[in-house]
>>> print(open('protein.txt').read())   # compact mmCIF, C-alpha atoms
# COMPACT_ATOMS: atom_id res chain seq x y z
CA MET A 1 -12.00 22.59 50.51
CA LYS A 2 -15.48 23.14 49.12
CA ILE A 3 -14.11 25.68 46.68
CA ARG A 4 -11.42 23.26 45.55
CA ILE A 5 -13.98 20.52 44.89
CA ARG A 6 -16.15 22.95 42.97
CA ALA A 7 -13.14 24.07 40.91
CA THR A 8 -12.39 20.41 40.13
CA ILE A 9 -15.95 19.77 39.04
CA VAL A 10 -15.88 22.83 36.80
CA SER A 11 -12.56 21.69 35.30
CA ILE A 12 -13.93 18.23 34.61
CA ALA A 13 -17.03 19.75 33.03
CA VAL A 14 -14.86 21.96 30.81
CA VAL A 15 -12.77 18.96 29.72
CA PHE A 16 -15.90 16.98 28.86
CA GLY A 17 -17.26 19.97 27.01
CA ILE A 18 -14.11 20.19 24.89
CA LEU A 19 -14.01 16.44 24.25
CA GLY A 20 -17.70 16.47 23.34
CA GLY A 21 -17.07 19.35 20.96
CA VAL A 22 -14.28 17.46 19.23
CA ALA A 23 -16.37 14.33 18.96
CA ILE A 24 -19.24 16.28 17.41
CA SER A 25 -17.12 18.32 15.00
CA ALA A 26 -15.06 15.37 13.65
CA GLN A 27 -16.52 14.28 10.34
CA ASP A 28 -17.71 10.72 9.86
CA LYS A 29 -16.36 10.33 6.33
CA TYR A 30 -18.50 7.25 5.86
CA THR A 31 -21.60 9.45 5.71
CA VAL A 32 -20.28 11.33 2.65
CA LYS A 33 -21.89 10.42 -0.66
CA VAL A 34 -21.71 11.58 -4.26
CA PRO A 35 -25.19 13.08 -4.98
CA GLY A 36 -26.99 10.36 -6.92
CA GLY A 37 -23.82 8.28 -6.95
CA LEU A 38 -21.54 6.13 -4.85
CA ALA A 39 -21.30 6.40 -1.07
CA PHE A 40 -18.02 6.48 0.83
CA SER A 41 -19.44 3.72 2.99
CA GLU A 42 -19.45 1.30 0.04
CA PHE A 43 -15.67 1.22 0.49
CA ARG A 44 -15.58 0.81 4.26
CA GLY A 45 -12.31 -0.68 5.46
CA TYR A 46 -10.24 0.48 2.46
CA GLU A 47 -7.65 1.84 4.90
CA THR A 48 -6.49 -1.73 5.55
CA TRP A 49 -6.71 -3.16 2.03
CA GLN A 50 -3.64 -4.72 0.41
CA LEU A 51 -1.34 -2.84 -1.92
CA VAL A 52 -1.70 -3.28 -5.67
CA SER A 53 0.87 -0.69 -6.70
CA ILE A 54 2.13 2.86 -6.29
CA SER A 55 2.71 5.76 -8.67
CA HIS A 56 4.00 9.31 -8.77
CA ASN A 57 3.29 12.17 -11.13
CA GLY A 58 5.12 15.17 -9.68
CA GLU A 59 2.14 16.66 -7.85
CA VAL A 60 0.97 13.58 -6.00
CA TYR A 61 1.88 10.08 -4.89
CA ALA A 62 -0.68 7.38 -5.26
CA ALA A 63 -1.05 4.11 -3.41
CA ILE A 64 -3.49 1.81 -5.14
CA LEU A 65 -5.20 -0.68 -2.81
CA ALA A 66 -7.81 -3.35 -3.47
CA ASN A 67 -10.25 -5.42 -1.46
CA PRO A 68 -9.67 -9.18 -1.03
CA ALA A 69 -12.00 -10.06 -3.97
CA MET A 70 -9.92 -7.91 -6.30
CA ILE A 71 -6.51 -8.96 -4.94
CA GLU A 72 -7.50 -12.62 -5.40
CA ALA A 73 -8.55 -11.85 -8.97
CA PHE A 74 -5.19 -10.20 -9.70
CA GLN A 75 -3.40 -13.21 -8.24
CA ALA A 76 -5.50 -15.54 -10.39
CA GLY A 77 -4.18 -13.74 -13.48
CA ILE A 78 -6.99 -11.24 -14.15
CA PRO A 79 -7.05 -9.13 -16.30
CA ASP A 80 -4.02 -10.42 -18.28
CA ASN A 81 -5.79 -13.74 -18.84
CA GLY A 82 -8.59 -11.91 -20.64
CA LYS A 83 -11.13 -12.46 -17.87
CA PRO A 84 -12.96 -9.57 -16.19
CA PHE A 85 -12.81 -8.73 -12.49
CA PRO A 86 -15.76 -10.26 -10.60
CA ASP A 87 -18.66 -8.27 -9.22
CA GLY A 88 -17.71 -7.03 -5.77
CA ALA A 89 -14.14 -6.12 -6.79
CA LYS A 90 -13.22 -2.75 -5.29
CA MET A 91 -10.22 -0.51 -5.64
CA ALA A 92 -9.03 2.64 -3.86
CA LYS A 93 -6.40 5.10 -5.05
CA ILE A 94 -5.12 7.33 -2.26
CA HIS A 95 -3.26 10.49 -3.28
CA TRP A 96 -0.81 12.33 -1.04
CA ILE A 97 1.09 15.55 -1.66
CA PRO A 98 4.84 14.77 -1.61
CA LYS A 99 7.15 16.43 0.87
CA LYS A 100 10.95 16.38 0.93
CA GLN A 101 12.60 14.71 3.93
CA GLU A 102 16.09 16.21 4.14
CA ALA A 103 16.91 14.33 7.34
CA TYR A 104 16.25 10.88 5.86
CA PRO A 105 19.11 8.95 4.20
CA GLY A 106 19.04 9.69 0.47
CA GLN A 107 16.75 12.72 1.01
CA PRO A 108 13.64 11.02 -0.37
CA GLU A 109 10.29 12.62 -1.01
CA VAL A 110 7.69 11.01 1.21
CA ALA A 111 3.92 11.04 1.35
CA GLY A 112 2.66 14.21 3.02
CA THR A 113 -0.86 15.57 3.37
CA GLN A 114 -3.62 13.48 1.83
CA HIS A 115 -5.08 15.06 -1.32
CA ASP A 116 -8.00 12.80 -2.21
CA VAL A 117 -9.18 9.22 -2.50
CA ASP A 118 -10.61 7.67 -5.67
CA PHE A 119 -12.77 4.55 -5.66
CA MET A 120 -14.07 2.10 -8.21
CA VAL A 121 -16.38 -0.85 -7.72
CA LYS A 122 -17.46 -3.61 -10.09
CA ASP A 123 -21.18 -4.30 -10.30
CA SER A 124 -22.11 -5.35 -13.79
CA LYS A 125 -25.84 -4.90 -13.26
CA ARG A 126 -25.71 -1.54 -11.49
CA PHE A 127 -23.12 0.03 -13.82
CA ALA A 128 -24.10 -1.70 -17.05
CA ASP A 129 -23.54 1.45 -19.10
CA SER A 130 -19.95 2.05 -17.91
CA GLY A 131 -18.28 -1.31 -18.43
CA GLY A 132 -19.59 -2.65 -15.13
CA TRP A 133 -17.58 -0.19 -13.03
CA GLY A 134 -18.84 2.61 -10.82
CA TYR A 135 -16.47 5.49 -10.02
CA ALA A 136 -16.25 8.05 -7.21
CA GLU A 137 -13.73 10.63 -6.10
CA PHE A 138 -13.56 12.38 -2.71
CA GLU A 139 -11.36 15.42 -2.12
CA TYR A 140 -9.72 15.76 1.30
CA ASP A 141 -9.38 19.13 3.00
CA ALA A 142 -6.54 18.90 5.52
CA ALA A 143 -7.48 22.16 7.32
CA SER A 144 -10.99 20.99 8.23
CA ARG A 145 -10.07 17.29 8.11
CA THR A 146 -13.09 16.56 5.95
CA PHE A 147 -13.86 14.77 2.71
CA ARG A 148 -16.28 16.02 0.04
CA PRO A 149 -17.30 14.60 -3.35
CA GLY A 150 -15.17 15.78 -6.27
CA ASN A 151 -16.78 18.40 -8.53
CA THR A 152 -16.19 20.46 -11.67
CA THR A 153 -13.66 22.73 -9.90
CA ASP A 154 -11.32 19.80 -9.22
CA SER A 155 -8.60 18.33 -11.39
CA PRO A 156 -9.73 16.45 -13.35
CA PRO A 157 -13.15 18.18 -13.21
CA GLN A 158 -16.04 15.82 -12.60
CA GLU A 159 -19.78 15.83 -12.50
CA ASN A 160 -21.68 13.62 -10.10
CA ASP A 161 -22.39 11.10 -12.86
CA ALA A 162 -18.91 9.51 -12.43
CA LYS A 163 -18.48 9.46 -16.20
CA CYS A 164 -15.08 11.12 -15.82
CA GLY A 165 -13.80 7.79 -14.49
CA PHE A 166 -15.28 5.72 -17.27
CA ALA A 167 -14.10 8.15 -20.00
CA CYS A 168 -10.45 7.95 -18.88
CA HIS A 169 -10.47 4.23 -18.19
CA THR A 170 -11.81 3.30 -21.63
CA ILE A 171 -8.18 3.41 -22.90
CA VAL A 172 -7.59 0.17 -20.99
CA LYS A 173 -10.85 -1.53 -21.89
CA ASN A 174 -8.76 -4.59 -22.86
CA ARG A 175 -7.73 -4.89 -19.19
CA ASP A 176 -11.28 -4.60 -17.90
CA PHE A 177 -10.84 -0.81 -17.51
CA VAL A 178 -8.11 -1.15 -14.85
CA PHE A 179 -4.84 0.73 -15.42
CA THR A 180 -2.88 -0.53 -12.45
CA GLU A 181 -1.04 -3.83 -12.60
CA TYR A 182 -0.30 -5.83 -9.46
CA ALA A 183 3.32 -4.85 -8.71
CA HIS A 184 5.68 -7.79 -8.18
CA ARG A 185 7.31 -7.80 -4.75
CA MET B 1 -3.66 -46.71 -32.34
CA LYS B 2 -0.86 -48.10 -30.16
CA HIS B 3 1.52 -45.69 -31.80
CA ARG B 4 -0.77 -42.73 -31.02
CA THR B 5 -1.07 -43.75 -27.37
CA ALA B 6 2.71 -44.07 -27.08
CA LEU B 7 3.08 -40.62 -28.61
CA ARG B 8 0.59 -39.18 -26.15
CA ILE B 9 2.43 -40.74 -23.20
CA ALA B 10 5.71 -39.34 -24.50
CA SER B 11 4.15 -35.87 -24.86
CA ILE B 12 2.78 -35.95 -21.34
CA ALA B 13 6.13 -37.11 -20.00
CA ALA B 14 7.89 -34.27 -21.82
CA LEU B 15 5.39 -31.79 -20.45
CA LEU B 16 5.80 -33.06 -16.90
CA THR B 17 9.57 -32.86 -17.21
CA ALA B 18 9.30 -29.26 -18.41
CA LEU B 19 6.98 -28.35 -15.54
CA GLY B 20 9.24 -30.14 -13.07
CA GLY B 21 12.19 -28.16 -14.38
CA VAL B 22 10.36 -24.90 -13.75
CA ALA B 23 9.42 -25.97 -10.26
CA ILE B 24 12.99 -26.95 -9.43
CA SER B 25 14.62 -23.81 -10.85
CA ALA B 26 12.25 -21.32 -9.16
CA GLN B 27 13.97 -19.84 -6.13
CA ASP B 28 12.54 -20.16 -2.64
CA LYS B 29 13.37 -16.65 -1.44
CA TYR B 30 12.32 -17.65 2.05
CA SER B 31 15.43 -19.83 2.38
CA LEU B 32 17.76 -16.79 2.24
CA LYS B 33 19.61 -15.25 5.19
CA THR B 34 21.65 -12.06 5.51
CA PRO B 35 25.36 -12.20 6.48
CA SER B 36 24.30 -11.15 9.98
CA GLY B 37 21.80 -14.00 10.18
CA VAL B 38 18.42 -12.33 9.64
CA ALA B 39 16.22 -14.72 7.63
CA PHE B 40 13.96 -13.69 4.76
CA SER B 41 11.46 -16.12 6.28
CA ASP B 42 11.16 -13.89 9.36
CA PHE B 43 9.12 -11.65 7.05
CA ARG B 44 6.96 -14.32 5.43
CA GLY B 45 3.74 -12.86 4.05
CA TYR B 46 5.09 -9.31 3.64
CA GLU B 47 3.52 -9.27 0.15
CA ASP B 48 0.11 -8.86 1.83
CA TRP B 49 0.97 -6.43 4.63
CA GLN B 50 -0.85 -3.11 5.02
CA VAL B 51 0.54 0.16 3.71
CA VAL B 52 2.26 2.57 6.10
CA SER B 53 3.42 5.17 3.59
CA SER B 54 5.11 5.72 0.24
CA ALA B 55 8.16 7.63 -0.93
CA ARG B 56 10.49 8.11 -3.87
CA THR B 57 13.96 9.20 -4.88
CA ASP B 58 15.15 10.00 -8.41
CA GLU B 59 15.89 6.28 -8.85
CA VAL B 60 13.09 4.37 -7.15
CA LEU B 61 9.48 4.37 -6.02
CA LYS B 62 9.01 2.96 -2.52
CA VAL B 63 6.19 1.68 -0.43
CA ILE B 64 6.45 0.92 3.26
CA VAL B 65 4.28 -1.91 4.59
CA ALA B 66 4.07 -3.43 8.07
CA ASN B 67 2.72 -6.53 9.77
CA LYS B 68 -0.40 -6.43 11.92
CA THR B 69 1.48 -6.07 15.22
CA MET B 70 3.20 -2.97 13.94
CA ILE B 71 0.10 -1.46 12.26
CA ASP B 72 -1.83 -1.96 15.51
CA ALA B 73 0.96 -0.17 17.38
CA TYR B 74 0.90 2.75 14.94
CA LYS B 75 -2.86 3.04 15.41
CA ALA B 76 -2.43 3.01 19.19
CA GLY B 77 -0.20 6.08 18.84
CA VAL B 78 3.29 4.51 18.78
CA PRO B 79 5.87 6.06 18.44
CA GLY B 80 4.33 9.55 18.83
CA ASN B 81 3.12 8.67 22.34
CA GLY B 82 6.71 7.98 23.42
CA LYS B 83 6.20 4.22 23.61
CA PRO B 84 8.35 1.77 21.59
CA PHE B 85 7.04 -0.68 19.02
CA PRO B 86 6.48 -4.10 20.63
CA ASP B 87 8.56 -7.21 19.97
CA GLY B 88 7.22 -8.94 16.87
CA SER B 89 6.82 -5.67 14.96
CA ARG B 90 7.99 -6.07 11.37
CA ILE B 91 8.21 -3.48 8.60
CA ALA B 92 9.28 -3.72 4.96
CA LYS B 93 10.33 -1.07 2.47
CA LEU B 94 9.76 -2.30 -1.08
CA GLN B 95 11.50 -0.49 -3.94
CA TRP B 96 10.81 -0.50 -7.64
CA LYS B 97 12.60 1.12 -10.57
CA PHE B 98 10.02 3.19 -12.39
CA LYS B 99 8.90 4.02 -15.93
CA LYS B 100 6.47 6.43 -17.53
CA SER B 101 3.04 4.95 -18.03
CA THR B 102 2.30 4.66 -21.74
CA GLU B 103 -1.45 4.40 -21.11
CA ALA B 104 -2.45 6.88 -18.41
CA PRO B 105 -4.17 10.06 -19.66
CA PHE B 106 -1.58 12.15 -17.78
CA VAL B 107 2.17 11.86 -17.17
CA VAL B 108 2.76 9.41 -14.34
CA ASP B 109 5.60 7.18 -13.13
CA VAL B 110 4.57 3.63 -12.34
CA PRO B 111 6.62 0.68 -11.06
CA ASP B 112 8.87 -1.02 -13.60
CA THR B 113 10.91 -3.88 -12.17
CA PHE B 114 11.14 -4.67 -8.47
CA SER B 115 14.61 -3.91 -7.10
CA GLN B 116 14.94 -4.30 -3.32
CA ALA B 117 13.24 -5.37 -0.12
CA PHE B 118 14.45 -3.76 3.12
CA PHE B 119 13.24 -5.42 6.30
CA ILE B 120 13.35 -4.46 9.98
CA GLU B 121 12.10 -6.56 12.89
CA LYS B 122 11.82 -5.84 16.59
CA ASP B 123 13.17 -8.43 18.99
CA SER B 124 14.69 -6.79 22.03
CA LYS B 125 16.37 -10.01 23.23
CA ARG B 126 17.85 -10.94 19.88
CA PHE B 127 19.05 -7.47 18.83
CA PRO B 128 20.01 -5.75 22.12
CA ASN B 129 22.96 -3.93 20.51
CA SER B 130 20.80 -2.09 17.98
CA ALA B 131 17.97 -0.94 20.23
CA GLY B 132 15.98 -4.10 19.61
CA TRP B 133 15.80 -3.81 15.84
CA GLY B 134 17.30 -6.25 13.33
CA TYR B 135 17.90 -5.10 9.77
CA ALA B 136 18.06 -6.98 6.46
CA LEU B 137 18.39 -6.08 2.80
CA PHE B 138 17.64 -8.38 -0.11
CA ASN B 139 18.32 -7.35 -3.72
CA TYR B 140 16.13 -8.60 -6.54
CA ASP B 141 17.41 -9.54 -9.98
CA PRO B 142 14.54 -9.43 -12.51
CA PRO B 143 16.13 -11.47 -15.37
CA SER B 144 16.71 -14.49 -13.11
CA ASP B 145 13.70 -13.74 -10.85
CA THR B 146 15.90 -14.27 -7.79
CA PHE B 147 16.68 -12.44 -4.58
CA THR B 148 20.13 -12.30 -2.96
CA ALA B 149 21.11 -11.09 0.50
CA ASP B 150 23.03 -7.83 0.26
CA ALA B 151 26.72 -8.40 0.98
CA SER B 152 27.02 -5.57 3.49
CA PRO B 153 26.44 -6.66 7.10
CA ASP B 154 23.02 -5.01 7.39
CA ASP B 155 23.07 -2.13 4.92
CA CYS B 156 23.22 1.13 6.81
CA GLY B 157 20.56 -0.27 9.14
CA HIS B 158 20.95 0.81 12.70
CA ALA B 159 23.54 3.52 11.93
CA CYS B 160 21.14 5.35 9.60
CA HIS B 161 18.09 4.88 11.78
CA THR B 162 19.76 6.42 14.84
CA VAL B 163 18.75 9.82 13.37
CA VAL B 164 15.17 8.98 14.38
CA LYS B 165 15.91 7.39 17.76
CA ALA B 166 13.13 9.59 19.19
CA LYS B 167 10.63 7.74 16.98
CA ASP B 168 11.90 4.31 18.10
CA TYR B 169 14.24 4.34 15.07
CA ILE B 170 11.41 4.32 12.51
CA PHE B 171 11.40 7.05 9.85
CA HIS B 172 7.93 6.71 8.38
CA PRO B 173 4.73 7.66 10.19
CA TYR B 174 1.45 5.89 9.41
CA GLN B 175 0.00 8.03 6.66
CA LYS B 176 -3.60 9.27 6.77
CA ARG B 177 -5.89 7.85 4.10
>>> encode(input="protein.txt", output="structure tokens")
Amino acid sequence: MKIRIRATIVSIAVVFGILGGVAISAQDKYTVKVPGGLAFSEFRGYETWQLVSISHNGEVYAAILANPAMIEAFQAGIPDNGKPFPDGAKMAKIHWIPKKQEAYPGQPEVAGTQHDVDFMVKDSKRFADSGGWGYAEFEYDAASRTFRPGNTTDSPPQENDAKCGFACHTIVKNRDFVFTEYAHR
Amino acid sequence: MKHRTALRIASIAALLTALGGVAISAQDKYSLKTPSGVAFSDFRGYEDWQVVSSARTDEVLKVIVANKTMIDAYKAGVPGNGKPFPDGSRIAKLQWKFKKSTEAPFVVDVPDTFSQAFFIEKDSKRFPNSAGWGYALFNYDPPSDTFTADASPDDCGHACHTVVKAKDYIFHPYQKR
């Protein structure tokens, strides 16, 4: 009887040890930050933001989401009406690696492992030299289940200055630097 | 002076008539029902629902969105934990034809015109013969900006989804982000 109780206590201790280990090793992505740049935590809650649109380029699927300030701006006609997005507008582009689903009707490709998440935020004072937008990109490593800031080894390569974002987005300066249109549904 | 005022009144009247015409001709999609009786209005607000996942075929880009009841269930571990989605769960699959972006700095397909909205709702009393799920399909016609209920009883609906009975008949998992 005593032995059984002791065995139970040991088992419980082992379980707690394992759980504790998991809790400690799981990354809090919201602590990740681009050195000298944007913090993941500036986009807290992006997982639940509304859909702007989707896209696909062979290697990845993208779902483009935006915070309420930005969705409301889209619905008010920005940027087609020539007005800029307001300060506080935030956008997230989540990329997944496609995988084929043979068992589904029509054999579609569906979103598989996450590849990265890209963010942009409008703050005309803070990002005065890049059209009012700040950019950040975080690569996701599925094996370790961790995010890290994008760097020069990634595609596209990027320094911590976030100028990669601004350089690409200048093509759509006439739409306040935002490529994605709100997709009708 | 009188003449100018009369002209202005006439202009305003013409404008109001034109606006009224637009208002009258715009379709209220929420008044539609499928042949099997599932109403578009059961899914009111789907335009704002959260993303579950995305997918594509050679013809369309798709996004799967769900209402709060269903998203909460996903986050609680349904259907992987063996439990079914609760009554009130609603999920929509939105499909767009796609086109190559002419602006992006790389080759990428982006939505062109919207084409279809597939809906599923859980109501175990109302849909006992299809494991609690009701199915609906509405086709969208871009030139007229109108939706119509698909003529088939409920598309492939329950028949197709039986493949994933083990996942409470739902194909798509909630995708990490």
>>> interface_residues(input="protein.txt", of="chain A", to="chain B", cutoff="9 Å", atoms="only C-alpha atoms", output="short mmCIF file (atom, residue, chain, number, x, y, z; two decimals) with C-alpha atoms, in the coordinates of the input")
data_model
loop_
_atom_site.label_atom_id
_atom_site.label_comp_id
_atom_site.auth_asym_id
_atom_site.auth_seq_id
_atom_site.Cartn_x
_atom_site.Cartn_y
_atom_site.Cartn_z
CA TYR A 46 -10.24 0.48 2.46
CA GLU A 47 -7.65 1.84 4.90
CA THR A 48 -6.49 -1.73 5.55
CA TRP A 49 -6.71 -3.16 2.03
CA GLN A 50 -3.64 -4.72 0.41
CA LEU A 51 -1.34 -2.84 -1.92
CA SER A 53 0.87 -0.69 -6.70
CA ILE A 54 2.13 2.86 -6.29
CA SER A 55 2.71 5.76 -8.67
CA HIS A 56 4.00 9.31 -8.77
CA ASN A 57 3.29 12.17 -11.13
CA GLY A 58 5.12 15.17 -9.68
CA TYR A 61 1.88 10.08 -4.89
CA ALA A 62 -0.68 7.38 -5.26
CA ALA A 63 -1.05 4.11 -3.41
CA LEU A 65 -5.20 -0.68 -2.81
CA ILE A 94 -5.12 7.33 -2.26
CA HIS A 95 -3.26 10.49 -3.28
CA TRP A 96 -0.81 12.33 -1.04
CA PRO A 98 4.84 14.77 -1.61
CA ALA A 103 16.91 14.33 7.34
CA TYR A 104 16.25 10.88 5.86
CA PRO A 105 19.11 8.95 4.20
CA GLY A 106 19.04 9.69 0.47
CA GLN A 107 16.75 12.72 1.01
CA PRO A 108 13.64 11.02 -0.37
CA GLU A 109 10.29 12.62 -1.01
CA VAL A 110 7.69 11.01 1.21
CA ALA A 111 3.92 11.04 1.35
CA GLY A 112 2.66 14.21 3.02
CA THR A 113 -0.86 15.57 3.37
CA GLN A 114 -3.62 13.48 1.83
CA ASP A 116 -8.00 12.80 -2.21
CA VAL A 117 -9.18 9.22 -2.50
CA CYS A 168 -10.45 7.95 -18.88
CA HIS A 169 -10.47 4.23 -18.19
CA ILE A 171 -8.18 3.41 -22.90
CA VAL A 172 -7.59 0.17 -20.99
CA PHE A 179 -4.84 0.73 -15.42
CA THR A 180 -2.88 -0.53 -12.45
CA ALA A 183 3.32 -4.85 -8.71
CA HIS A 184 5.68 -7.79 -8.18
CA ARG A 185 7.31 -7.80 -4.75
#
>>> residues_around(input="protein.txt", residues="stretch 151-157 of chain A", least_positions_apart="5", cutoff="12 Å", atoms="all atoms listed in the file", output="number ranges by chain")
A: 34-35, 59-60, 115-116, 118, 136-140, 162-165, 167-168; B: 105-106
>>> atom_distance(input="protein.txt", atom1="atom CA of B:Arg44", atom2="atom CA of B:Asn81")
28.8 Å
>>> residues_around(input="protein.txt", residues="B:Trp133", least_positions_apart="2", cutoff="7 Å", atoms="all atoms listed in the file", output="PyMOL selection string")
chain B and resi 120-124+127+130-131+135
>>> atom_distance(input="protein.txt", atom1="atom CA of B:Arg90", atom2="atom CA of B:Thr69")
7.6 Å
>>> atom_distance(input="protein.txt", atom1="atom CA of B:Ala26", atom2="atom CA of A:Phe85")
28.2 Å
>>> residues_around(input="protein.txt", residues="B:Ala92", least_positions_apart="5", cutoff="6 Å", atoms="all atoms listed in the file", output="PyMOL selection string")
chain B and resi 64-65+118-119
>>> axis_aligned_box(input="protein.txt", around="stretch 109-120 of chain A", padding_each_side="6 Å", output="JSON")
{"center_x": -1.9, "center_y": 8.8, "center_z": -2.4, "size_x": 36.4, "size_y": 25.5, "size_z": 23.6}
>>> closest_residue(input="protein.txt", among="A:Lys122, A:Lys99, A:Arg145, A:Lys93", to="A:Ala69", atoms="all atoms listed in the file")
A:Lys122
>>> build_atoms(input="protein.txt", residues="stretch 152-176 of chain B", atoms="N, CA and C atoms", output="CSV table (one decimal), keeping the file's coordinate frame")
chain,number,residue,atom,x,y,z
B,152,SER,N,26.7,-6.4,2.3
B,152,SER,CA,27.0,-5.6,3.5
B,152,SER,C,26.3,-6.2,4.7
B,153,PRO,N,27.0,-6.0,5.9
B,153,PRO,CA,26.4,-6.7,7.1
B,153,PRO,C,24.9,-6.4,7.3
B,154,ASP,N,24.5,-5.2,7.4
B,154,ASP,CA,23.0,-5.0,7.4
B,154,ASP,C,22.7,-3.6,6.8
B,155,ASP,N,23.3,-3.4,5.6
B,155,ASP,CA,23.1,-2.1,4.9
B,155,ASP,C,23.5,-1.0,5.9
B,156,CYS,N,22.8,0.1,5.8
B,156,CYS,CA,23.2,1.1,6.8
B,156,CYS,C,22.4,0.9,8.1
B,157,GLY,N,21.3,0.2,8.0
B,157,GLY,CA,20.6,-0.3,9.1
B,157,GLY,C,20.5,0.6,10.4
B,158,HIS,N,21.1,0.1,11.4
B,158,HIS,CA,21.0,0.8,12.7
B,158,HIS,C,21.6,2.2,12.7
B,159,ALA,N,22.8,2.3,12.0
B,159,ALA,CA,23.5,3.5,11.9
B,159,ALA,C,22.7,4.6,11.4
B,160,CYS,N,22.0,4.3,10.2
B,160,CYS,CA,21.1,5.4,9.6
B,160,CYS,C,19.9,5.7,10.5
B,161,HIS,N,19.4,4.7,11.1
B,161,HIS,CA,18.1,4.9,11.8
B,161,HIS,C,18.3,5.6,13.1
B,162,THR,N,19.5,5.7,13.6
B,162,THR,CA,19.8,6.4,14.8
B,162,THR,C,19.3,7.9,14.8
B,163,VAL,N,19.3,8.4,13.6
B,163,VAL,CA,18.8,9.8,13.4
B,163,VAL,C,17.3,10.0,14.0
B,164,VAL,N,16.5,8.9,13.9
B,164,VAL,CA,15.2,9.0,14.4
B,164,VAL,C,15.0,8.1,15.6
B,165,LYS,N,16.0,8.1,16.5
B,165,LYS,CA,15.9,7.4,17.8
B,165,LYS,C,14.7,7.8,18.5
B,166,ALA,N,14.3,9.1,18.5
B,166,ALA,CA,13.1,9.6,19.2
B,166,ALA,C,11.8,8.9,18.7
B,167,LYS,N,11.8,8.4,17.5
B,167,LYS,CA,10.6,7.7,17.0
B,167,LYS,C,10.8,6.2,17.0
B,168,ASP,N,11.5,5.7,18.0
B,168,ASP,CA,11.9,4.3,18.1
B,168,ASP,C,12.6,3.8,16.8
B,169,TYR,N,13.4,4.7,16.2
B,169,TYR,CA,14.2,4.3,15.1
B,169,TYR,C,13.5,4.1,13.8
B,170,ILE,N,12.2,4.5,13.7
B,170,ILE,CA,11.4,4.3,12.5
B,170,ILE,C,11.1,5.7,11.8
B,171,PHE,N,11.6,5.8,10.6
B,171,PHE,CA,11.4,7.0,9.8
B,171,PHE,C,9.9,7.4,9.5
B,172,HIS,N,9.2,6.4,9.0
B,172,HIS,CA,7.9,6.7,8.4
B,172,HIS,C,6.8,6.6,9.4
B,173,PRO,N,6.0,7.7,9.4
B,173,PRO,CA,4.7,7.7,10.2
B,173,PRO,C,3.6,7.0,9.4
B,174,TYR,N,2.6,6.5,10.1
B,174,TYR,CA,1.4,5.9,9.4
B,174,TYR,C,0.7,7.0,8.7
B,175,GLN,N,0.6,6.9,7.4
B,175,GLN,CA,0.0,8.0,6.7
B,175,GLN,C,-1.5,8.0,6.6
B,176,LYS,N,-2.1,9.2,6.8
B,176,LYS,CA,-3.6,9.3,6.8
B,176,LYS,C,-4.1,8.8,5.4
